[in-house]
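A quick write-up on the structure given underneath.
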Amino acid sequence: MSRLTTEHIADRGNTLALKLGRVPVEIPAPLDDLIRQLAEWRNGRAATIPIEEPKWLFHSIYPGQPIDPHTLGRRLKAIGVPPQLARHASLMDVASELPAVVISRQLGFHQSTGDNWTRES
């Protein structure tokens, strides 16, 4: 997530999607507007990056560099979004839609972990 750029955003006016894989993921309101603001907002050193450089959604204090994943995690925790819980919830959602064998192979987990997630979801 820390390496997302504005190129990952597919803004169609009334809908916004993030290109996280082959199929863009549609982002519901009000999160879509927050992502639009994040893509447009540049402050500090991030406002000075050259045009040809990637425009990171989560920029670091160094021009042209993405934020460190640990720093992003700390910032999310500070505003009340526990990243580990969000990650776990997302993975459980995927587990409810895919067979355990697919989950374990794609994510590099043991087959029994995929089975447990499928049962829990």
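Within each chain, counting starts at residue 1; across the structure tokens, chains are named A, B, ... in the order shown, with ligands numbered 1 upward in that order.
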
What are the DSSP alpha helix (DSSP H) residues of chain A, as a ChimeraX atom specification?
/A:31-40,69-78,83-97,100-107,111-120

Output C-alpha atoms for every residue in that selection, as a PDB file, in the first residue's frame.
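The file below, result26.pdb, is the result:
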```pdb
ATOM      1  CA  LEU A  31     -13.410   6.596   0.710  1.00  0.00           C
ATOM      2  CA  ASP A  32     -13.342   7.443  -3.008  1.00  0.00           C
ATOM      3  CA  ASP A  33     -13.362  11.182  -2.298  1.00  0.00           C
ATOM      4  CA  LEU A  34     -10.588  10.793   0.275  1.00  0.00           C
ATOM      5  CA  ILE A  35      -8.416   8.994  -2.281  1.00  0.00           C
ATOM      6  CA  ARG A  36      -9.086  11.744  -4.839  1.00  0.00           C
ATOM      7  CA  GLN A  37      -7.973  14.345  -2.289  1.00  0.00           C
ATOM      8  CA  LEU A  38      -4.889  12.299  -1.457  1.00  0.00           C
ATOM      9  CA  ALA A  39      -3.934  12.096  -5.139  1.00  0.00           C
ATOM     10  CA  GLU A  40      -4.306  15.861  -5.624  1.00  0.00           C
ATOM     11  CA  PRO A  69       5.550   0.949   5.380  1.00  0.00           C
ATOM     12  CA  HIS A  70       6.228   1.105   9.139  1.00  0.00           C
ATOM     13  CA  THR A  71       5.691   4.855   9.166  1.00  0.00           C
ATOM     14  CA  LEU A  72       2.417   4.424   7.304  1.00  0.00           C
ATOM     15  CA  GLY A  73       1.360   1.777   9.823  1.00  0.00           C
ATOM     16  CA  ARG A  74       2.110   4.110  12.742  1.00  0.00           C
ATOM     17  CA  ARG A  75       0.136   6.915  11.111  1.00  0.00           C
ATOM     18  CA  LEU A  76      -2.841   4.649  10.522  1.00  0.00           C
ATOM     19  CA  LYS A  77      -2.754   3.505  14.158  1.00  0.00           C
ATOM     20  CA  ALA A  78      -2.599   7.133  15.297  1.00  0.00           C
ATOM     21  CA  PRO A  83      -3.464  -2.008   9.950  1.00  0.00           C
ATOM     22  CA  GLN A  84      -3.114  -5.608  11.124  1.00  0.00           C
ATOM     23  CA  LEU A  85      -6.825  -5.861  11.871  1.00  0.00           C
ATOM     24  CA  ALA A  86      -7.683  -4.343   8.490  1.00  0.00           C
ATOM     25  CA  ARG A  87      -5.327  -6.761   6.751  1.00  0.00           C
ATOM     26  CA  HIS A  88      -6.802  -9.724   8.593  1.00  0.00           C
ATOM     27  CA  ALA A  89     -10.357  -8.634   7.757  1.00  0.00           C
ATOM     28  CA  SER A  90      -9.441  -8.267   4.076  1.00  0.00           C
ATOM     29  CA  LEU A  91      -7.840 -11.702   3.988  1.00  0.00           C
ATOM     30  CA  MET A  92     -10.884 -13.236   5.671  1.00  0.00           C
ATOM     31  CA  ASP A  93     -13.082 -11.617   3.039  1.00  0.00           C
ATOM     32  CA  VAL A  94     -10.974 -13.195   0.309  1.00  0.00           C
ATOM     33  CA  ALA A  95     -11.159 -16.533   2.139  1.00  0.00           C
ATOM     34  CA  SER A  96     -14.943 -16.424   1.985  1.00  0.00           C
ATOM     35  CA  GLU A  97     -14.829 -16.210  -1.815  1.00  0.00           C
ATOM     36  CA  ALA A 100      -8.644 -22.825   0.631  1.00  0.00           C
ATOM     37  CA  VAL A 101      -6.126 -24.361  -1.764  1.00  0.00           C
ATOM     38  CA  VAL A 102      -6.101 -21.197  -3.898  1.00  0.00           C
ATOM     39  CA  ILE A 103      -5.628 -18.951  -0.856  1.00  0.00           C
ATOM     40  CA  SER A 104      -2.768 -21.019   0.525  1.00  0.00           C
ATOM     41  CA  ARG A 105      -0.935 -21.183  -2.820  1.00  0.00           C
ATOM     42  CA  GLN A 106      -1.409 -17.533  -3.767  1.00  0.00           C
ATOM     43  CA  LEU A 107      -0.473 -16.132  -0.369  1.00  0.00           C
ATOM     44  CA  GLN A 111      -2.906 -25.594   3.342  1.00  0.00           C
ATOM     45  CA  SER A 112      -4.226 -25.953   6.919  1.00  0.00           C
ATOM     46  CA  THR A 113      -4.103 -22.158   7.361  1.00  0.00           C
ATOM     47  CA  GLY A 114      -6.208 -21.731   4.225  1.00  0.00           C
ATOM     48  CA  ASP A 115      -8.635 -24.373   5.545  1.00  0.00           C
ATOM     49  CA  ASN A 116      -8.909 -22.561   8.898  1.00  0.00           C
ATOM     50  CA  TRP A 117      -9.589 -19.216   7.224  1.00  0.00           C
ATOM     51  CA  THR A 118     -12.242 -20.715   4.991  1.00  0.00           C
ATOM     52  CA  ARG A 119     -13.966 -22.265   8.008  1.00  0.00           C
ATOM     53  CA  GLU A 120     -13.770 -19.025  10.030  1.00  0.00           C
TER      54      GLU A 120
END
```

DSSP on the backbone: which residues in stretch 1-104 of chain A end up as strand (DSSP E)? Give the answer as a list in words.
Ile9, Ala10, Asp11, Leu16, Ala17, Leu18, Val25, Glu26 and Ile27 of chain A

Quick one: distance from atom CA of A:Gly64 to atom CA of A:Gly13 in Å, one decimal?
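Atom-to-atom, atom CA of A:Gly64 to atom CA of A:Gly13, that is 27.3 Å.
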
Atomic distance atom CA of A:Val23 - atom CA of A:Ala10, expressed in Å with one decimal:
11.1 Å

Select, from A:Asn14, A:His110, A:Gly80, A:Asp68, the residue with the minimum atom-to-atom distance to A:Pro28, counting only C-alpha atoms.
A:Asn14

What is the atom CA of A:Gly108-atom CA of A:Pro66 distance in Å, reported with one decimal?
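Result for atom CA of A:Gly108 versus atom CA of A:Pro66: 25.8 Å, one decimal.
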